[in-house]
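What's in target03.pdb: PDB, C-alpha atoms
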```
ATOM      1  CA  MET R   1     -11.572  12.446 -20.266
ATOM      2  CA  ASN R   2     -13.442  12.589 -16.970
ATOM      3  CA  TRP R   3     -11.991  10.260 -14.314
ATOM      4  CA  GLU R   4     -14.371  11.263 -11.562
ATOM      5  CA  THR R   5     -15.662   8.392  -9.426
ATOM      6  CA  SER R   6     -17.325   8.162  -6.032
ATOM      7  CA  PHE R   7     -13.816   7.796  -4.579
ATOM      8  CA  THR R   8     -12.434  10.964  -6.188
ATOM      9  CA  GLN R   9     -15.526  12.861  -5.044
ATOM     10  CA  VAL R  10     -15.199  11.753  -1.422
ATOM     11  CA  PHE R  11     -11.408  12.195  -1.207
ATOM     12  CA  ASN R  12     -11.211  15.277  -3.468
ATOM     13  CA  VAL R  13      -8.519  13.956  -5.830
ATOM     14  CA  LYS R  14      -8.248  14.132  -9.618
ATOM     15  CA  TYR R  15      -7.555  10.480 -10.346
ATOM     16  CA  PRO R  16      -8.801   7.368  -8.524
ATOM     17  CA  ILE R  17      -5.281   6.173  -7.741
ATOM     18  CA  VAL R  18      -3.908   5.636  -4.230
ATOM     19  CA  GLN R  19      -0.291   4.986  -3.283
ATOM     20  CA  GLY R  20       0.091   2.171  -0.767
ATOM     21  CA  GLY R  21       1.526   2.638   2.717
ATOM     22  CA  LEU R  22       4.896   1.036   1.821
ATOM     23  CA  ALA R  23       6.598   0.476   5.174
ATOM     24  CA  HIS R  24       9.995   2.225   5.475
ATOM     25  CA  LEU R  25       9.564   3.752   1.990
ATOM     26  CA  ALA R  26       6.510   6.038   1.886
ATOM     27  CA  TYR R  27       7.647   9.418   3.135
ATOM     28  CA  ALA R  28       7.089  13.036   2.119
ATOM     29  CA  ASP R  29       8.958  12.919  -1.221
ATOM     30  CA  LEU R  30       6.826  10.100  -2.590
ATOM     31  CA  ALA R  31       3.540  11.118  -0.984
ATOM     32  CA  ALA R  32       3.743  14.690  -2.250
ATOM     33  CA  ALA R  33       4.691  13.566  -5.754
ATOM     34  CA  VAL R  34       1.677  11.261  -5.958
ATOM     35  CA  SER R  35      -0.687  13.928  -4.672
ATOM     36  CA  ASN R  36       0.760  16.549  -7.031
ATOM     37  CA  ALA R  37       0.215  14.137  -9.938
ATOM     38  CA  GLY R  38      -3.477  13.809  -9.092
ATOM     39  CA  GLY R  39      -3.548  10.701  -6.927
ATOM     40  CA  LEU R  40      -3.645  10.247  -3.168
ATOM     41  CA  GLY R  41      -0.127   9.970  -1.747
ATOM     42  CA  GLN R  42       0.524   8.591   1.721
ATOM     43  CA  ILE R  43       3.088   8.719   4.535
ATOM     44  CA  THR R  44       3.846   5.513   6.427
ATOM     45  CA  ALA R  45       3.334   6.524  10.065
ATOM     46  CA  MET R  46       4.406   3.405  11.958
ATOM     47  CA  SER R  47       7.787   3.289  10.212
ATOM     48  CA  LEU R  48       8.650   6.549  11.949
ATOM     49  CA  PRO R  49      10.233   6.365  15.421
ATOM     50  CA  ASP R  50       7.885   8.622  17.370
ATOM     51  CA  PRO R  51       5.024  11.148  17.162
ATOM     52  CA  ASP R  52       7.384  14.107  16.787
ATOM     53  CA  GLU R  53       8.907  12.621  13.644
ATOM     54  CA  LEU R  54       5.452  11.963  12.210
ATOM     55  CA  ARG R  55       4.495  15.580  12.824
ATOM     56  CA  LYS R  56       7.666  16.712  11.031
ATOM     57  CA  GLU R  57       6.911  14.437   8.068
ATOM     58  CA  ILE R  58       3.352  15.734   7.782
ATOM     59  CA  LYS R  59       4.654  19.303   7.792
ATOM     60  CA  ARG R  60       7.221  18.332   5.128
ATOM     61  CA  VAL R  61       4.480  17.038   2.845
ATOM     62  CA  ARG R  62       2.595  20.289   3.234
ATOM     63  CA  THR R  63       5.635  22.263   2.053
ATOM     64  CA  MET R  64       5.687  20.111  -1.096
ATOM     65  CA  THR R  65       2.006  19.908  -2.062
ATOM     66  CA  ASP R  66      -1.276  21.680  -1.466
ATOM     67  CA  GLN R  67      -3.243  18.620  -2.569
ATOM     68  CA  PRO R  68      -4.925  16.005  -0.331
ATOM     69  CA  PHE R  69      -2.679  13.290   1.102
ATOM     70  CA  GLY R  70      -3.015  10.477   3.589
ATOM     71  CA  VAL R  71      -1.231   8.956   6.564
ATOM     72  CA  ASN R  72      -1.131   5.163   6.700
ATOM     73  CA  PHE R  73      -1.242   3.246   9.976
ATOM     74  CA  ALA R  74      -0.021  -0.341   9.686
ATOM     75  CA  ILE R  75      -1.191  -1.782  12.990
ATOM     76  CA  GLY R  76      -0.778  -5.516  12.425
ATOM     77  CA  GLY R  77       0.328  -7.583  15.388
ATOM     78  CA  GLY R  78      -0.499  -4.879  17.910
ATOM     79  CA  ARG R  79       3.085  -4.884  19.160
ATOM     80  CA  ARG R  80       3.447  -1.100  19.069
ATOM     81  CA  PRO R  81       0.984   1.449  20.456
ATOM     82  CA  TYR R  82      -0.444   3.741  17.806
ATOM     83  CA  LYS R  83      -2.761   6.072  19.751
ATOM     84  CA  GLU R  84      -0.240   8.914  20.106
ATOM     85  CA  MET R  85       0.699   8.632  16.431
ATOM     86  CA  VAL R  86      -2.941   8.829  15.342
ATOM     87  CA  GLN R  87      -3.459  11.795  17.645
ATOM     88  CA  VAL R  88      -0.712  13.681  15.797
ATOM     89  CA  ALA R  89      -2.471  13.076  12.476
ATOM     90  CA  VAL R  90      -5.720  14.326  14.006
ATOM     91  CA  GLU R  91      -4.058  17.424  15.477
ATOM     92  CA  GLU R  92      -2.446  18.182  12.134
ATOM     93  CA  LYS R  93      -5.825  17.815  10.407
ATOM     94  CA  VAL R  94      -4.522  15.509   7.701
ATOM     95  CA  PRO R  95      -7.008  15.025   4.850
ATOM     96  CA  ALA R  96      -7.055  11.216   5.010
ATOM     97  CA  ILE R  97      -5.991   8.267   7.162
ATOM     98  CA  SER R  98      -5.729   4.639   6.088
ATOM     99  CA  VAL R  99      -5.529   1.535   8.257
ATOM    100  CA  THR R 100      -3.818  -1.694   7.235
ATOM    101  CA  GLY R 101      -2.898  -4.975   8.859
ATOM    102  CA  GLY R 102      -5.264  -5.128  11.817
ATOM    103  CA  ASN R 103      -8.661  -4.352  13.325
ATOM    104  CA  PRO R 104      -9.327  -0.743  12.277
ATOM    105  CA  LYS R 105     -11.777   0.069  15.079
ATOM    106  CA  GLY R 106      -9.252   1.681  17.413
ATOM    107  CA  VAL R 107      -7.944   4.037  14.738
ATOM    108  CA  LEU R 108     -11.372   4.853  13.316
ATOM    109  CA  ASP R 109     -12.691   5.671  16.790
ATOM    110  CA  LEU R 110      -9.816   8.106  17.346
ATOM    111  CA  VAL R 111     -10.418   9.782  13.991
ATOM    112  CA  SER R 112     -14.212  10.051  14.094
ATOM    113  CA  ASP R 113     -15.785  13.510  14.198
ATOM    114  CA  ASN R 114     -12.612  15.146  12.882
ATOM    115  CA  ASN R 115     -13.541  15.597   9.201
ATOM    116  CA  ILE R 116     -10.763  13.187   8.172
ATOM    117  CA  LYS R 117     -11.539  10.730   5.384
ATOM    118  CA  THR R 118     -10.714   7.102   6.186
ATOM    119  CA  LEU R 119      -9.685   4.072   4.148
ATOM    120  CA  VAL R 120      -9.301   0.498   5.367
ATOM    121  CA  LEU R 121      -7.339  -2.245   3.608
ATOM    122  CA  VAL R 122      -9.274  -5.516   3.565
ATOM    123  CA  ALA R 123      -8.656  -9.013   2.219
ATOM    124  CA  ALA R 124     -12.120 -10.497   2.653
ATOM    125  CA  ARG R 125     -15.744  -9.527   2.083
ATOM    126  CA  ARG R 126     -16.578  -9.706   5.799
ATOM    127  CA  GLN R 127     -13.696  -7.364   6.636
ATOM    128  CA  ALA R 128     -15.062  -4.845   4.136
ATOM    129  CA  GLU R 129     -18.552  -5.074   5.596
ATOM    130  CA  LYS R 130     -17.146  -4.544   9.087
ATOM    131  CA  ALA R 131     -15.089  -1.554   7.954
ATOM    132  CA  GLU R 132     -18.217   0.044   6.546
ATOM    133  CA  GLU R 133     -20.094  -0.646   9.793
ATOM    134  CA  LEU R 134     -17.277   1.061  11.710
ATOM    135  CA  GLY R 135     -17.600   4.180   9.573
ATOM    136  CA  ALA R 136     -14.820   3.862   6.982
ATOM    137  CA  ASP R 137     -15.267   6.133   3.960
ATOM    138  CA  ALA R 138     -13.723   3.608   1.544
ATOM    139  CA  VAL R 139     -12.100   0.188   1.467
ATOM    140  CA  MET R 140      -9.067  -1.044  -0.440
ATOM    141  CA  VAL R 141      -9.424  -4.696  -1.450
ATOM    142  CA  VAL R 142      -6.134  -6.595  -1.716
ATOM    143  CA  GLY R 143      -6.026  -9.913  -3.536
ATOM    144  CA  GLN R 144      -3.361 -12.565  -3.039
ATOM    145  CA  GLU R 145      -1.307 -11.094  -5.905
ATOM    146  CA  GLY R 146      -0.382  -8.116  -3.749
ATOM    147  CA  GLY R 147       2.990  -7.376  -2.181
ATOM    148  CA  GLY R 148       3.576  -7.267   1.552
ATOM    149  CA  HIS R 149       0.781  -8.512   3.789
ATOM    150  CA  ILE R 150      -2.140 -10.157   2.031
ATOM    151  CA  GLY R 151      -5.187 -12.117   3.145
ATOM    152  CA  ARG R 152      -5.093 -15.493   4.846
ATOM    153  CA  SER R 153      -6.953 -17.091   1.957
ATOM    154  CA  ASP R 154      -5.611 -17.314  -1.576
ATOM    155  CA  THR R 155      -8.445 -15.307  -3.118
ATOM    156  CA  GLY R 156      -7.321 -13.218  -6.079
ATOM    157  CA  THR R 157      -8.190  -9.627  -6.898
ATOM    158  CA  LEU R 158     -10.377 -10.707  -9.844
ATOM    159  CA  VAL R 159     -12.737 -12.619  -7.544
ATOM    160  CA  LEU R 160     -12.465 -10.581  -4.348
ATOM    161  CA  THR R 161     -13.118  -7.130  -5.800
ATOM    162  CA  PRO R 162     -16.627  -7.736  -7.189
ATOM    163  CA  GLN R 163     -17.500  -9.716  -4.064
ATOM    164  CA  VAL R 164     -16.791  -6.652  -1.959
ATOM    165  CA  VAL R 165     -18.381  -4.232  -4.442
ATOM    166  CA  ASP R 166     -21.621  -6.197  -4.262
ATOM    167  CA  HIS R 167     -21.768  -6.133  -0.454
ATOM    168  CA  VAL R 168     -20.814  -2.582   0.582
ATOM    169  CA  SER R 169     -22.099   0.853  -0.376
ATOM    170  CA  ILE R 170     -18.886   2.849   0.168
ATOM    171  CA  PRO R 171     -16.224   3.303  -2.547
ATOM    172  CA  VAL R 172     -14.038   0.262  -3.254
ATOM    173  CA  LEU R 173     -10.464   0.356  -4.530
ATOM    174  CA  ALA R 174      -8.923  -2.726  -6.126
ATOM    175  CA  SER R 175      -5.373  -3.679  -5.121
ATOM    176  CA  GLY R 176      -3.018  -6.548  -5.899
ATOM    177  CA  GLY R 177      -1.280  -7.098  -9.230
ATOM    178  CA  ILE R 178      -2.274  -3.662 -10.588
ATOM    179  CA  VAL R 179       0.502  -1.566 -12.111
ATOM    180  CA  ASP R 180      -0.859   0.169 -15.234
ATOM    181  CA  GLY R 181      -3.822   1.482 -17.206
ATOM    182  CA  ARG R 182      -4.979  -2.017 -18.031
ATOM    183  CA  GLY R 183      -5.223  -2.700 -14.314
ATOM    184  CA  LEU R 184      -7.189   0.505 -13.743
ATOM    185  CA  MET R 185      -9.701  -0.387 -16.435
ATOM    186  CA  ALA R 186      -9.928  -3.954 -15.156
ATOM    187  CA  ALA R 187     -10.744  -2.564 -11.710
ATOM    188  CA  PHE R 188     -13.534  -0.457 -13.201
ATOM    189  CA  ALA R 189     -14.878  -3.501 -15.044
ATOM    190  CA  LEU R 190     -15.015  -5.321 -11.700
ATOM    191  CA  GLY R 191     -17.104  -2.512 -10.247
ATOM    192  CA  ALA R 192     -14.353  -0.764  -8.277
ATOM    193  CA  ASP R 193     -14.081   3.018  -7.990
ATOM    194  CA  GLY R 194     -10.296   3.119  -8.391
ATOM    195  CA  ILE R 195      -7.051   1.371  -7.530
ATOM    196  CA  GLU R 196      -4.346   1.201  -4.882
ATOM    197  CA  MET R 197      -0.796   0.372  -5.951
ATOM    198  CA  GLY R 198       2.241  -0.403  -3.825
ATOM    199  CA  THR R 199       4.981  -2.173  -5.763
ATOM    200  CA  ARG R 200       4.623   0.063  -8.814
ATOM    201  CA  PHE R 201       5.327   3.182  -6.772
ATOM    202  CA  ILE R 202       8.571   1.667  -5.438
ATOM    203  CA  ALA R 203       9.911   1.721  -8.991
ATOM    204  CA  THR R 204       9.745   5.516  -9.236
ATOM    205  CA  LYS R 205      12.362   8.217  -8.960
ATOM    206  CA  GLU R 206      10.658   9.840  -5.969
ATOM    207  CA  CYS R 207      10.797   6.653  -3.915
ATOM    208  CA  VAL R 208      14.185   7.856  -2.729
ATOM    209  CA  HIS R 209      14.520   5.485   0.224
ATOM    210  CA  ALA R 210      14.411   2.363  -1.962
ATOM    211  CA  HIS R 211      17.902   1.076  -2.849
ATOM    212  CA  GLU R 212      18.690   0.809  -6.543
ATOM    213  CA  ALA R 213      19.329  -2.932  -6.161
ATOM    214  CA  TYR R 214      15.791  -3.371  -4.858
ATOM    215  CA  LYS R 215      14.311  -1.335  -7.696
ATOM    216  CA  GLN R 216      16.374  -3.270 -10.235
ATOM    217  CA  GLU R 217      15.161  -6.590  -8.890
ATOM    218  CA  ILE R 218      11.594  -5.408  -9.362
ATOM    219  CA  LEU R 219      12.430  -4.512 -12.972
ATOM    220  CA  ASP R 220      14.011  -7.936 -13.512
ATOM    221  CA  ALA R 221      11.113  -9.848 -11.942
ATOM    222  CA  ASP R 222       8.894 -12.265 -13.812
ATOM    223  CA  GLU R 223       5.596 -13.798 -12.701
ATOM    224  CA  GLU R 224       7.429 -16.374 -10.553
ATOM    225  CA  ALA R 225       9.772 -13.932  -8.797
ATOM    226  CA  THR R 226       7.878 -13.725  -5.510
ATOM    227  CA  VAL R 227       7.089 -16.028  -2.610
ATOM    228  CA  VAL R 228       4.671 -15.907   0.329
ATOM    229  CA  ILE R 229       6.255 -16.003   3.799
ATOM    230  CA  LYS R 230       4.793 -15.867   7.343
ATOM    231  CA  ARG R 231       1.882 -18.213   6.610
ATOM    232  CA  THR R 232       2.603 -20.141   9.807
ATOM    233  CA  LEU R 233       2.075 -16.930  11.785
ATOM    234  CA  GLY R 234      -1.336 -16.338  10.242
ATOM    235  CA  ALA R 235       0.008 -13.215   8.529
ATOM    236  CA  PRO R 236       0.995 -14.233   4.980
ATOM    237  CA  ALA R 237       3.027 -11.677   3.056
ATOM    238  CA  ARG R 238       4.519 -11.656  -0.438
ATOM    239  CA  ALA R 239       8.228 -10.890  -0.943
ATOM    240  CA  LEU R 240      10.840 -11.208  -3.652
ATOM    241  CA  LYS R 241      12.510 -14.609  -3.720
ATOM    242  CA  GLY R 242      16.031 -14.934  -2.347
ATOM    243  CA  SER R 243      18.253 -16.714   0.142
ATOM    244  CA  TRP R 244      16.792 -14.807   3.101
ATOM    245  CA  PRO R 245      13.143 -15.667   2.330
ATOM    246  CA  ASP R 246      14.353 -19.228   1.759
ATOM    247  CA  LYS R 247      15.685 -19.254   5.324
ATOM    248  CA  ILE R 248      12.341 -17.970   6.579
ATOM    249  CA  LEU R 249      10.455 -20.695   4.726
ATOM    250  CA  GLU R 250      12.790 -23.368   6.072
ATOM    251  CA  LEU R 251      12.249 -22.132   9.624
ATOM    252  CA  GLU R 252       8.513 -22.155   9.021
ATOM    253  CA  ARG R 253       8.729 -25.770   7.907
ATOM    254  CA  GLN R 254      10.476 -26.452  11.213
ATOM    255  CA  GLN R 255       7.536 -24.754  12.985
ATOM    256  CA  VAL R 256       9.763 -22.498  15.087
ATOM    257  CA  GLY R 257       6.970 -19.990  15.762
ATOM    258  CA  TYR R 258       7.177 -16.207  16.030
ATOM    259  CA  TYR R 259      10.175 -16.060  18.349
ATOM    260  CA  GLY R 260      12.155 -18.342  16.080
ATOM    261  CA  LEU R 261      11.302 -16.127  13.107
ATOM    262  CA  LYS R 262      11.298 -12.602  14.553
ATOM    263  CA  ASP R 263      14.892 -11.696  13.695
ATOM    264  CA  TYR R 264      14.389 -12.881  10.119
ATOM    265  CA  ILE R 265      11.091 -11.078   9.498
ATOM    266  CA  SER R 266      11.886  -7.889  11.416
ATOM    267  CA  GLY R 267      11.837  -4.360  10.114
ATOM    268  CA  LYS R 268      15.619  -4.345  10.478
ATOM    269  CA  ALA R 269      15.942  -7.314   8.126
ATOM    270  CA  ASN R 270      13.560  -5.617   5.705
ATOM    271  CA  LYS R 271      15.589  -2.384   5.747
ATOM    272  CA  ARG R 272      18.918  -4.193   5.289
ATOM    273  CA  TYR R 273      17.770  -4.978   1.770
ATOM    274  CA  ILE R 274      15.386  -2.215   0.750
ATOM    275  CA  HIS R 275      17.564   0.603   2.181
ATOM    276  CA  ASP R 276      21.078  -0.855   2.065
ATOM    277  CA  GLY R 277      20.798  -3.324  -0.833
ATOM    278  CA  VAL R 278      22.206  -6.271   1.160
ATOM    279  CA  LYS R 279      19.951  -8.999  -0.183
ATOM    280  CA  GLU R 280      21.812 -11.840   1.550
ATOM    281  CA  GLU R 281      20.824 -10.348   4.920
ATOM    282  CA  GLY R 282      17.278  -9.191   4.288
ATOM    283  CA  PHE R 283      14.173  -9.194   2.132
ATOM    284  CA  GLY R 284      11.954  -6.854   0.126
ATOM    285  CA  TRP R 285       8.205  -6.900  -0.320
ATOM    286  CA  ALA R 286       6.801  -7.054  -3.849
ATOM    287  CA  GLY R 287       3.616  -8.192  -5.550
ATOM    288  CA  GLN R 288       3.210 -10.391  -8.587
ATOM    289  CA  GLY R 289       2.602  -7.226 -10.603
ATOM    290  CA  ALA R 290       6.371  -6.682 -10.510
ATOM    291  CA  ALA R 291       6.464  -8.869 -13.616
ATOM    292  CA  ARG R 292       4.797  -6.014 -15.524
ATOM    293  CA  ILE R 293       7.115  -3.246 -14.294
ATOM    294  CA  ASN R 294       9.830  -2.426 -16.813
ATOM    295  CA  ASP R 295      11.029   1.097 -16.075
ATOM    296  CA  ILE R 296      11.787   3.660 -13.398
ATOM    297  CA  LEU R 297       9.628   6.714 -14.012
ATOM    298  CA  THR R 298       8.857   9.893 -12.171
ATOM    299  CA  VAL R 299       5.524   9.661 -10.366
ATOM    300  CA  GLU R 300       4.068  12.228 -12.769
ATOM    301  CA  GLU R 301       5.174  10.143 -15.750
ATOM    302  CA  LEU R 302       3.797   6.981 -14.167
ATOM    303  CA  ILE R 303       0.348   8.355 -13.406
ATOM    304  CA  GLN R 304       0.084   9.992 -16.814
ATOM    305  CA  SER R 305       1.096   6.730 -18.506
ATOM    306  CA  ILE R 306      -1.638   4.922 -16.554
ATOM    307  CA  ILE R 307      -4.248   7.489 -17.518
ATOM    308  CA  ASN R 308      -3.116   7.592 -21.169
ATOM    309  CA  GLU R 309      -3.282   3.809 -21.464
ATOM    310  CA  ALA R 310      -6.673   3.744 -19.765
ATOM    311  CA  GLU R 311      -7.969   6.467 -22.092
ATOM    312  CA  THR R 312      -6.865   4.424 -25.113
ATOM    313  CA  ILE R 313      -8.799   1.455 -23.758
ATOM    314  CA  ARG R 314     -11.874   3.586 -23.073
ATOM    315  CA  LYS R 315     -11.836   4.842 -26.651
ATOM    316  CA  LYS R 316     -11.482   1.284 -27.924
ATOM    317  CA  TRP R 317     -14.489   0.296 -25.846
ATOM    318  CA  GLY R 318     -16.417   3.276 -27.224
ATOM    319  CA  MET R 319     -16.901   4.878 -23.821
TER     320      MET R 319
END
```

Written as C-alpha cells, that's how I'd like the structure from this file.
Amino acid sequence: MNWETSFTQVFNVKYPIVQGGLAHLAYADLAAAVSNAGGLGQITAMSLPDPDELRKEIKRVRTMTDQPFGVNFAIGGGRRPYKEMVQVAVEEKVPAISVTGGNPKGVLDLVSDNNIKTLVLVAARRQAEKAEELGADAVMVVGQEGGGHIGRSDTGTLVLTPQVVDHVSIPVLASGGIVDGRGLMAAFALGADGIEMGTRFIATKECVHAHEAYKQEILDADEEATVVIKRTLGAPARALKGSWPDKILELERQQVGYYGLKDYISGKANKRYIHDGVKEEGFGWAGQGAARINDILTVEELIQSIINEAETIRKKWGM
C-alpha cells in the first residue's frame, strides 16, 4: 500500500514514522536502523559532550545508512549553549533537524537557508502556529500521554492533534501514547500526516544504550506505571514510577525549587538507571503507551509490524 503523506514528501522518507530524540539513548545505531527501515531516525545532539563528538556521531550514521536522518536539539532550560552544536549539523549538511523543549527560534534561525528540513515538538496549538511562523517544515504534537517532557496542560493527543491540524498548514505528526499500527491509523483519523514515537523505540534491539532492566520495566508496565514529575518547575515530564521519582515528588511537595531538585532530576540520575540499571538511584522516562509494549524487536521488525497492522485496518475500512 502507498504510505505517502505530505510529511514523507517533504522529508523524503518511505513511512511517516519519526523516532523521538530520546536523551542519552538516540545515537547512530538506533537512528540508522530507523532510517534504513523507512522512517526518520534521529541522533540526540545535546546528550553528547561537545561539537566534535556530534560530528563523529553524524559521520557514524552516514556509514550505516544512506537514507535521510535527523539531529535532535533538546534546548529546554537554556542552561547549555547549543549554537556550536547546531553549526556542526549545518556544516555536515544533515537532512533534518528537530527542536524540542524550548523556543525553537534560535535553532531555526541558524538552520535557515541551508536546505535542512526542520521539525518542532509542540504541546499546544499556539506553539504550533508560532513554529510555522518561524519557518518550521513540520510540527510534532505531543499529548500528555507522552514520555519525557510534555506540555504544561493535561491535554491529550486525541484532542490536541486535530486542534493543531486545523490551525497550521505544514505537516503534523501525532505523538504521545502511540506505539503500533492502531496508533498510526488513529493519527491519520485525527488529520495528522504521521507519528513520532519515543518509548516504543527504547524497547528495540538497536537501542543499545538502554539497560535491559529499563527495557524490561517498559515491557512490564501497565497503564498506571508512570508518573509526572517536575510540575513545580513548569516543565512536567513523565517517568516510570519508582522510589527515586517518589523522592522527587516529595521534594516538590516541600516546594524546594530547582536547586533542591537538580541532583534528583539531573542527566546523571537519569543515566544511573537507563544506562546502569540502578533504579534506586535514578529514573527513566516513559509514556503511557508503555502499557501496550510487549516485546523487544529489531527496528525493522517493529516498523514492519506497525505497517502490517495499519494495512489490515485500512483494508477493514475499505481504503

Applied to the shown file, which residues does the PyMOL selection byres ((chain R and resi 298-307) around 9) return, written as number ranges by chain? R: 3, 15, 17, 30, 33-34, 36-39, 179-184, 200-201, 203-207, 296-297, 308-312

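Taken over the shown file, the PyMOL selection byres ((chain R and resi 67-76) around 7) identifies Val13, Gly21, Ala31, Ser35, Asn36, Leu40, Gly41, Gln42, Ile43, Thr44, Ala45, Met46, Thr65, Asp66, Gly77, Gly78, Val94, Pro95, Ala96, Ile97, Ser98, Val99, Thr100, Gly101 and Gly102 of chain R.
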
So what does the PyMOL selection byres ((chain R and resi 220) around 10) actually pick up in this one, as a ChimeraX atom specification? /R:214-219,221-222,225,290-295

Show me a table, sorted first by chain and then by increasing residue number, of the residues of stretch 163-184 of chain R having an atom at most 12 Å from stretch 111-125 of chain R, each with its shortest atom pair and the distance in Å to one decimal, counting all atoms listed in the file and written as a tab-separated table.
```
residue	atom	partner	partner_atom	distance
R:Gln163	CA	R:Arg125	CA	6.4
R:Val164	CA	R:Arg125	CA	5.1
R:Val165	CA	R:Arg125	CA	8.8
R:Asp166	CA	R:Arg125	CA	9.3
R:His167	CA	R:Arg125	CA	7.4
R:Val168	CA	R:Arg125	CA	8.7
R:Ile170	CA	R:Leu119	CA	10.1
R:Pro171	CA	R:Leu119	CA	9.4
R:Val172	CA	R:Leu119	CA	9.4
R:Leu173	CA	R:Leu121	CA	9.1
R:Ala174	CA	R:Leu121	CA	9.9
R:Ser175	CA	R:Leu121	CA	9.1
R:Gly176	CA	R:Ala123	CA	10.2
```

Of the candidates R:Lys105, R:Lys230, R:Arg272, R:His149, which one gets nearest to R:Glu252 if we count only C-alpha atoms? R:Lys230

Taking (6.5, -11.7, 1.8) in the file's own coordinates, collect the residues within 10 Å, counting all atoms listed in the file, and hand them back as an NGL selection string. :R and (146-150 or 226-231 or 235-241 or 245 or 248 or 265 or 283-287)

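Distance check against R:Glu145 using only C-alpha atoms: of R:Gly318, R:Gly289, R:Gly198, R:Pro81, the minimum falls on R:Gly289.
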
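Atom CA of R:Gly267 lies 17.1 Å from atom CA of R:Ser243.
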
Quick one: residues within 9 Å of R:Glu281, only C-alpha atoms, excluding same-chain residues fewer than 3 positions away - as a list in words? Ser243, Trp244, Tyr264, Ala269, Asn270, Arg272, Tyr273 and Val278 of chain R

Edge lengths and centre, in Å to one decimal, as AutoDock Vina command-line options: that's what I need for the box along x, y and z that holds all listed atoms of stretch 14-27 of chain R plus 3 Å on each side.
```
--center_x 0.6 --center_y 7.3 --center_z -2.4 --size_x 24.8 --size_y 19.7 --size_z 21.8
```

Take atom CA of R:Glu133 and atom CA of R:Ser47 and report the distance between them in Å, one decimal. 28.2 Å

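Considering all atoms listed in the file, the residue among R:Leu25, R:Ile178, R:Leu233, R:Ala213 positioned nearest to R:Met197 is R:Ile178.
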
Distance query 10 Å from (5.7, 13.8, 9.0) using all atoms listed in the file, result as a ChimeraX atom specification: /R:27-28,43-45,48,51-62,71,88-89,92

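Atom pair atom CA of R:Gly194 / atom CA of R:Ala32: separated by 19.2 Å.
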
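If all atoms listed in the file are the atoms counted, then among R:Thr63, R:Gln19, R:Gln127, R:Ser169 the closest residue to R:Ser6 is R:Ser169.
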
Check the smallest atom-to-atom distance from each of R:Gly242, R:Pro104, R:Pro16, R:Gly282 to R:Ala136 using only C-alpha atoms, then report the winner. R:Pro104
